[in-house]
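For reference, the structure is listed below as structure tokens.
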Amino acid sequence: MLHLIWISNMHQSGFVNIVGNPNVGKSTLMNVLVGERLSIITSKAQTTRHRIMGIVNGDDFQMVYSDTPGVLQPNYKLQEQMLEFSRSALVDADVLLYVTDVQDNPDKNADFLDKVKRIKAKVFLIINKIDLTTQETLEQLVEYWHRVLPEATVFPISAQQKFGTDQLFAAIREALPECPPFFPKDQLTDKSSRFFVDEMIREKILLNYDKEIPYSVEVEVESFLDEEPDEQHPEGMIRIGAVIYVERDSQKGIIIGKGGKALKCVGTQARREIEAFFGKPVFLQLFVKVDKDWRSSQTRLRHYGYDLN
């Protein structure tokens, strides 16, 4: 009698969600693991506002990473939604990366950490920035986190120096459940080109302005035209018109600066970043408008892409 044996090649896929307090290096880690610069990075807290997805594909696996805003106690509706993005990452994770660092206060946002303790997903506790501490302090931190999250696997790393990240990547790969891919194998992210332009402009604002100004800003691309190649631009050209929204007239003046110099500086830096991202010349026009108290308006937050329940 002839017996037929069906052999299927095992494929692993899973959602790998990155959470933690502000400024512990979540976005840097995301970019290193994905191998692309998808999340903007600055030294300021609350740099990440959205849940940003980056997809890593292999022949027999697909890792769907999500970077999330730093966990904080919200003071207005925008921060409420940022916290909701972080909470949602606890619900659909197959592997959760809880990121802390050698300078983080472990007791900060303890209620969120309590939720981490109760999830069923595989948890990897990431101690980042270990290049900034001593071996003795690191050993104490590892021991502490073993007590706090006894079911978690602890990974001391330096995302910026790419130390320990290869071992972490391999452990994530091994922990993925058997599953077909969730997205086409050539897809890198769930976000649009316009979204990344918004983020690159906002990053330059975070880097060039102080105090409350960067946190009062939202960026919206109003036009995005990817032109066909011609004699002048053999690789083509992208023409972008974007609006920088602020909450007050006084903030508008600060963004523009004396004689428009501050805005021109942001535009030049953003254009170079956008050109590097898309690999072709970019013509960028920036405008500044007032959208009063947009951070506290549910209607305006929806308009800007913050999905509110």
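In the structure tokens, chains take letters A, B, ... by order of appearance, with residues numbered from 1 within each chain and ligands from 1 in the order shown.
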Name all residues at most 7 Å from stretch 85-92 of chain A (count only C-alpha atoms; drop same-chain ones fewer than 3 positions away) and give them as a ChimeraX atom specification. /A:17,19,50-51,68-69,71,81-82,116,119
Neighbours of stretch 156-159 of chain A within 8 Å (only C-alpha atoms; same-chain residues fewer than 6 positions away dropped), as an NGL selection string? :A and (25 or 28-29 or 32 or 126-131 or 142 or 165)
Go ahead and write the selection's residues with C-alpha atoms as a tab-separated table (two decimals), in the first residue's frame.
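Result file follows (selection.tsv):
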```
chain	number	residue	atom	x	y	z
A	25	GLY	CA	16.08	53.64	23.77
A	28	THR	CA	16.93	53.02	18.64
A	29	LEU	CA	16.39	49.33	19.39
A	32	VAL	CA	18.56	48.26	14.89
A	126	ILE	CA	15.87	44.54	27.92
A	127	ILE	CA	18.40	46.47	30.02
A	128	ASN	CA	19.70	49.05	27.55
A	129	LYS	CA	22.70	51.43	27.62
A	130	ILE	CA	24.92	49.02	29.55
A	131	ASP	CA	27.94	50.86	28.14
A	142	VAL	CA	19.87	41.92	36.38
A	165	THR	CA	21.39	42.93	19.72
```
Tell me, in Å to one decimal, how far atom CA of A:Ser66 is from atom CA of A:Gln161.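 Answer for the atom CA of A:Ser66 to atom CA of A:Gln161 separation: 20.9 Å.
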Residues within 12 Å of A:Asp111, please, as an mmCIF file with C-alpha atoms, in the first residue's frame. Count only C-alpha atoms; anything in the same chain fewer than 4 positions from it doesn't count.
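Writing the result to selection-v3.cif gives the following:
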```cif
data_model
loop_
_atom_site.group_PDB
_atom_site.id
_atom_site.type_symbol
_atom_site.label_atom_id
_atom_site.label_comp_id
_atom_site.auth_asym_id
_atom_site.auth_seq_id
_atom_site.Cartn_x
_atom_site.Cartn_y
_atom_site.Cartn_z
ATOM 1 C CA ASN A 21 9.340 54.338 29.916
ATOM 2 C CA VAL A 71 4.689 55.214 29.121
ATOM 3 C CA LEU A 72 3.634 58.369 30.978
ATOM 4 C CA GLN A 73 0.884 59.867 33.089
ATOM 5 C CA ARG A 87 -1.343 49.569 26.381
ATOM 6 C CA PRO A 106 12.087 50.956 37.980
ATOM 7 C CA ASP A 107 9.208 52.241 40.114
ATOM 8 C CA LYS A 115 0.019 44.824 33.468
ATOM 9 C CA VAL A 116 3.221 43.472 31.905
ATOM 10 C CA LYS A 117 3.456 40.896 34.698
ATOM 11 C CA ARG A 118 0.003 39.559 33.828
#
```
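For the atom pair formed by atom CA of A:Glu151 and atom CA of A:Asn57, the distance is 27.9 Å, given to one decimal.
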Env of A:Phe196: 12 Å cut, atoms = only C-alpha atoms, seq-sep filter 2 positions within chain, self excluded. Answer as JSON, numbers by chain. {"A": [37, 38, 39, 40, 50, 52, 53, 189, 190, 191, 192, 193, 194, 198, 199, 200, 201, 202, 203, 219, 220, 221, 224, 270, 273, 274, 275, 277, 278]}
Write the residues of the selection above to a file with C-alpha atoms, as a short mmCIF file (atom, residue, chain, number, x, y, z; two decimals), in the first residue's frame.
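Written out: selection-v1.cif:
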```
data_model
loop_
_atom_site.label_atom_id
_atom_site.label_comp_id
_atom_site.auth_asym_id
_atom_site.auth_seq_id
_atom_site.Cartn_x
_atom_site.Cartn_y
_atom_site.Cartn_z
CA ARG A 37 15.55 53.99 10.29
CA LEU A 38 11.79 53.98 10.77
CA SER A 39 11.42 55.63 14.18
CA ILE A 40 12.74 59.13 14.79
CA HIS A 50 2.38 56.73 17.27
CA ILE A 52 5.10 52.42 14.36
CA MET A 53 5.44 49.04 12.69
CA THR A 189 6.07 48.93 7.37
CA ASP A 190 2.37 49.71 7.73
CA LYS A 191 2.94 53.47 7.46
CA SER A 192 2.73 55.61 4.32
CA SER A 193 5.46 57.74 2.73
CA ARG A 194 3.63 60.84 3.95
CA ASP A 198 5.74 64.10 8.80
CA GLU A 199 8.00 62.36 11.30
CA MET A 200 11.26 63.55 9.75
CA ILE A 201 10.10 67.17 9.82
CA ARG A 202 8.90 66.78 13.40
CA GLU A 203 12.25 65.28 14.39
CA VAL A 219 3.06 68.17 11.02
CA GLU A 220 0.78 67.34 8.10
CA VAL A 221 1.84 66.70 4.50
CA PHE A 224 3.23 64.74 -2.17
CA ALA A 270 14.38 67.85 6.87
CA GLU A 273 16.82 63.60 5.60
CA ILE A 274 13.90 63.02 3.23
CA GLU A 275 16.23 62.85 0.21
CA PHE A 277 15.21 58.24 2.86
CA PHE A 278 13.76 58.18 -0.67
#
```
Using DSSP secondary structure from the backbone, list all strand (DSSP E or B) positions within stretch 17-208 of chain A, as a ChimeraX atom specification. /A:17-20,52-58,61-67,95-101,122-128,153-156,158,163,178
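Within the 10 Å cut-off around A:Ala262, using only C-alpha atoms and omitting residues fewer than 4 positions from it on the same chain, the listed residues are Ile205, Asn208, Tyr209, Gly253, Ile254, Ile255, Ile256, Gly257, Lys258, Val266 and Gly267 of chain A.
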How would the residues just chosen look if you wrote them out with N, CA and C atoms as a PDB file, in the first residue's frame?
```pdb
ATOM      1  N   ILE A 205      12.221  69.583  14.252  1.00  0.00           N
ATOM      2  CA  ILE A 205      11.658  70.560  15.180  1.00  0.00           C
ATOM      3  C   ILE A 205      12.049  70.209  16.613  1.00  0.00           C
ATOM      4  N   ASN A 208      15.638  71.334  17.122  1.00  0.00           N
ATOM      5  CA  ASN A 208      15.988  72.749  16.954  1.00  0.00           C
ATOM      6  C   ASN A 208      15.280  73.714  17.899  1.00  0.00           C
ATOM      7  N   TYR A 209      14.256  73.235  18.620  1.00  0.00           N
ATOM      8  CA  TYR A 209      13.514  74.128  19.498  1.00  0.00           C
ATOM      9  C   TYR A 209      13.468  73.560  20.915  1.00  0.00           C
ATOM     10  N   GLY A 253       5.407  82.413  15.681  1.00  0.00           N
ATOM     11  CA  GLY A 253       6.539  83.309  15.499  1.00  0.00           C
ATOM     12  C   GLY A 253       7.857  82.664  15.857  1.00  0.00           C
ATOM     13  N   ILE A 254       7.857  81.848  16.898  1.00  0.00           N
ATOM     14  CA  ILE A 254       9.090  81.162  17.311  1.00  0.00           C
ATOM     15  C   ILE A 254       9.516  80.144  16.262  1.00  0.00           C
ATOM     16  N   ILE A 255       8.562  79.390  15.725  1.00  0.00           N
ATOM     17  CA  ILE A 255       8.881  78.392  14.702  1.00  0.00           C
ATOM     18  C   ILE A 255       9.483  79.056  13.467  1.00  0.00           C
ATOM     19  N   ILE A 256       8.911  80.183  13.048  1.00  0.00           N
ATOM     20  CA  ILE A 256       9.397  80.865  11.849  1.00  0.00           C
ATOM     21  C   ILE A 256      10.751  81.515  12.114  1.00  0.00           C
ATOM     22  N   GLY A 257      10.892  82.174  13.270  1.00  0.00           N
ATOM     23  CA  GLY A 257      12.140  82.829  13.616  1.00  0.00           C
ATOM     24  C   GLY A 257      12.323  84.153  12.904  1.00  0.00           C
ATOM     25  N   LYS A 258      13.325  84.898  13.338  1.00  0.00           N
ATOM     26  CA  LYS A 258      13.593  86.218  12.764  1.00  0.00           C
ATOM     27  C   LYS A 258      13.981  86.086  11.299  1.00  0.00           C
ATOM     28  N   VAL A 266      15.117  74.322   9.701  1.00  0.00           N
ATOM     29  CA  VAL A 266      14.353  73.068   9.827  1.00  0.00           C
ATOM     30  C   VAL A 266      14.091  72.470   8.445  1.00  0.00           C
ATOM     31  N   GLY A 267      13.692  73.315   7.490  1.00  0.00           N
ATOM     32  CA  GLY A 267      13.389  72.836   6.144  1.00  0.00           C
ATOM     33  C   GLY A 267      14.600  72.230   5.459  1.00  0.00           C
TER      34      GLY A 267
END
```
Nearest to A:Gln12 by atom-to-atom distance, counting only C-alpha atoms, from A:Pro180, A:Arg147, A:Gly58, A:Thr134: A:Pro180
Restricting to only C-alpha atoms, whichever of A:Lys108, A:Arg295, A:Lys44, A:Arg49 is closest to A:Glu247 is A:Arg295
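Among the candidates A:Lys122, A:Lys26, A:Arg300, A:His233, the residue lying nearest to A:Gln160 is A:Lys26 (atoms considered: only C-alpha atoms).
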Atomic separation - atom CA of A:Phe124 relative to atom CA of A:Pro184, Å: 26.7 Å
I'd like the contact shell of A:Leu188 - 7 Å cut-off, only C-alpha atoms, skipping same-chain residues fewer than 2 positions apart - returned as a ChimeraX atom specification. /A:54-56,186
Exercise: A:Lys252 partners within 7 Å, only C-alpha atoms, chain neighbours under 4 positions left out, as a PyMOL selection string: chain A and resi 246+248+256+288-290
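Residue nearest A:Glu222, chosen from A:Gln79, A:Gly14, A:Tyr304, A:Arg272 and counting only C-alpha atoms: A:Tyr304.
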